[in-house]
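Trainee: The structure is given below, and queries will be raised subsequently.
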Amino acid sequence: MLLSNLEIVPGKSVAQHLGLVQGNSVRAKHVGRDIMASLKNIFGGELKGYTELLQESREEAVSRMVEQAEAVGANAVLNIRFSTSSVTQGAAELYAYGTAVILD
Amino acid sequence: MYDLIIFLILMSLGYGFGRVAEKRHYKSIIERETDLNRIPAIALRFPPPSLKPQHTVLVMGSVVISIDYFKRIAAGLRGLVGGRMMSYETLLDRARREAVLRMKEQADGMGANMVFNIKLETASISKGRKNKIGSVEVLAYGTAIIPAAAAVVLN
């Protein structure tokens with residue numbers, strides 16, 4: 001599965017468009033990380049726990065998108081976009097979407 | 001009275017540690033930026049048609065970074081009179097440059113020589129807690145172009 005946020009793949013052509021595929025993941029932070037984060041709010045600096053948490057959930061969103069793409073028989077997802085939204089306090093939704101295509 | 005003492009302690013802790021942390025962060029950002037300048041991050045949507053690589057990979061880098069207590073109070077005061085909020089400007093600047101660097105580091109590990117179609121996305125994490133926007137997340141992503149020779153090694 002080729003993932004790319006370009007609209008074309010250099011050296012290859014798109015044989016068939018299969019439409020939008022998407023994946024999302026909503027994660028809540030846990031208390032331990034929250035306590036560390038509130039300490040960091042005093043000193044400033046990187047919140048490593050949150051960085052990891054968001055990375056993990058973004059990977060999950062991508063893997064769900066890939067699952068969908070595999071289900072429709074694609075071999076690549078092009079023009080991938082990410083978006084983040086806070087649903088409630090303490091939770092964030094990570095969303096990934098793109099166009100499933102069959103490449104020659 | 002105790003509240004005031006705690007407030008002053010928090011202010012001075014934030015001022016001291018925050019300044020040191022920011023200086024150190026900027027130093028490391030500048031060092032790594034000069035090192036990674038060999039991988040240009042290009043915001044074009046299409047690579048030039050002359051380019052015929054074997055391999056393209058999605059790369060991304062993200063960072064969550066928080067402002068210190070002193071700067072938050074300083075920004076709050078600035079909010080009363082208006083004008084540039086320097087403390088948030090440096091926070092976002094650091095976060096963006098760090099995210100781009102992490103993305104480039106990932107691309108570098110794969111032997112890429114450039115990254116196309118860079119997108120940057122910013123989200124505030126601790127929104128809603130009494131309007132205190134203390135930390136931001138920045139995500140940078142793009143497509144790494146890996147030359148054929150390096151792609152063979154990768155496979």
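How things are named: the first chain in the structure tokens is A, the next is B, and so on; residues count from 1 in each chain; ligands count from 1 in the order shown.
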Counting only C-alpha atoms, collect the residues of chain B whose closest atom lies at most 6 Å from chain A, and write them out as a ChimeraX atom specification.
Mentor: /B:14,17-18,52,58,63-69,143
Trainee: DSSP says strand (DSSP E) for which residues of chain A? Put them as a VMD selection string?
Mentor: chain A and resid 2 to 3 14 to 28 45 to 46 76 to 86 91 to 103
Trainee: As a PyMOL selection string, please: all residues of range 4-37 of chain A that backbone DSSP puts in alpha helix (DSSP H).
Mentor: chain A and resi 31-37
Trainee: Near Ser87 in chain B, counting only C-alpha atoms, which residues have an atom at most 8 Å away, once you skip same-chain residues fewer than 2 positions from it, shown as a PyMOL selection string?
Mentor: chain B and resi 67+71-72+74-75+85+89-91
Trainee: Rank A:Val87, A:Val66, A:Ala61, A:Met1 by their smallest atom-to-atom distance to Ala28 in chain A, using only C-alpha atoms, and report the top residue only.
Mentor: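 Closest to Ala28 in chain A, using only C-alpha atoms: A:Val87.
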Trainee: Could you give me, as a PyMOL selection string, the residues within 10 Å of Glu98 in chain B, counting only C-alpha atoms and dropping anything in the same chain fewer than 3 positions from it?
Mentor: chain B and resi 25-26+28-30+32-33+61-65+92-95+101-104+138-140
Trainee: Convert the current residue selection to file output with N, CA and C atoms, as a short mmCIF file (atom, residue, chain, number, x, y, z; two decimals), in the first residue's frame.
Mentor:
data_model
loop_
_atom_site.label_atom_id
_atom_site.label_comp_id
_atom_site.auth_asym_id
_atom_site.auth_seq_id
_atom_site.Cartn_x
_atom_site.Cartn_y
_atom_site.Cartn_z
N HIS B 25 16.06 24.86 23.65
CA HIS B 25 15.30 24.33 22.52
C HIS B 25 15.69 25.04 21.23
N TYR B 26 15.79 26.37 21.29
CA TYR B 26 16.17 27.13 20.09
C TYR B 26 17.55 26.72 19.60
N SER B 28 19.04 23.81 19.96
CA SER B 28 19.00 22.50 19.30
C SER B 28 18.27 22.59 17.96
N ILE B 29 17.23 23.43 17.88
CA ILE B 29 16.51 23.59 16.61
C ILE B 29 17.45 24.13 15.54
N ILE B 30 18.23 25.16 15.88
CA ILE B 30 19.10 25.79 14.89
C ILE B 30 20.19 24.82 14.44
N ARG B 32 20.05 21.48 14.41
CA ARG B 32 19.51 20.43 13.56
C ARG B 32 19.05 20.98 12.22
N GLU B 33 18.58 22.25 12.22
CA GLU B 33 18.13 22.85 10.95
C GLU B 33 19.30 22.99 9.98
N GLY B 61 5.80 14.39 11.31
CA GLY B 61 6.42 14.67 12.60
C GLY B 61 5.46 15.52 13.39
N SER B 62 5.37 15.25 14.69
CA SER B 62 4.46 16.07 15.49
C SER B 62 5.08 16.37 16.84
N VAL B 63 4.61 17.42 17.45
CA VAL B 63 5.10 17.78 18.77
C VAL B 63 3.98 18.49 19.54
N VAL B 64 3.91 18.21 20.83
CA VAL B 64 3.01 18.95 21.72
C VAL B 64 3.90 19.75 22.65
N ILE B 65 3.68 21.04 22.69
CA ILE B 65 4.58 21.88 23.48
C ILE B 65 3.74 22.84 24.32
N LEU B 92 4.67 29.00 19.21
CA LEU B 92 4.22 28.40 17.96
C LEU B 92 5.37 28.24 16.98
N ASP B 93 6.28 29.21 16.99
CA ASP B 93 7.46 29.13 16.12
C ASP B 93 8.28 27.89 16.44
N ARG B 94 8.52 27.67 17.74
CA ARG B 94 9.29 26.51 18.16
C ARG B 94 8.58 25.22 17.79
N ALA B 95 7.27 25.19 18.02
CA ALA B 95 6.51 23.97 17.74
C ALA B 95 6.55 23.63 16.26
N LEU B 101 11.27 19.55 11.67
CA LEU B 101 12.54 18.85 11.87
C LEU B 101 12.32 17.36 12.08
N ARG B 102 11.31 17.02 12.87
CA ARG B 102 11.05 15.61 13.13
C ARG B 102 10.63 14.89 11.86
N MET B 103 9.85 15.59 11.04
CA MET B 103 9.45 15.01 9.77
C MET B 103 10.68 14.78 8.89
N LYS B 104 11.57 15.78 8.85
CA LYS B 104 12.78 15.65 8.04
C LYS B 104 13.67 14.54 8.55
N VAL B 138 1.47 20.61 16.97
CA VAL B 138 1.71 20.90 15.56
C VAL B 138 2.10 19.61 14.86
N LEU B 139 1.45 19.36 13.75
CA LEU B 139 1.77 18.20 12.93
C LEU B 139 2.28 18.70 11.59
N ALA B 140 3.39 18.15 11.14
CA ALA B 140 3.90 18.45 9.80
C ALA B 140 3.94 17.17 9.02
#
Trainee: To one decimal in Å, tell me the separation between CA of Gly142 in chain B and CA of Arg27 in chain A.
Mentor: 23.8 Å
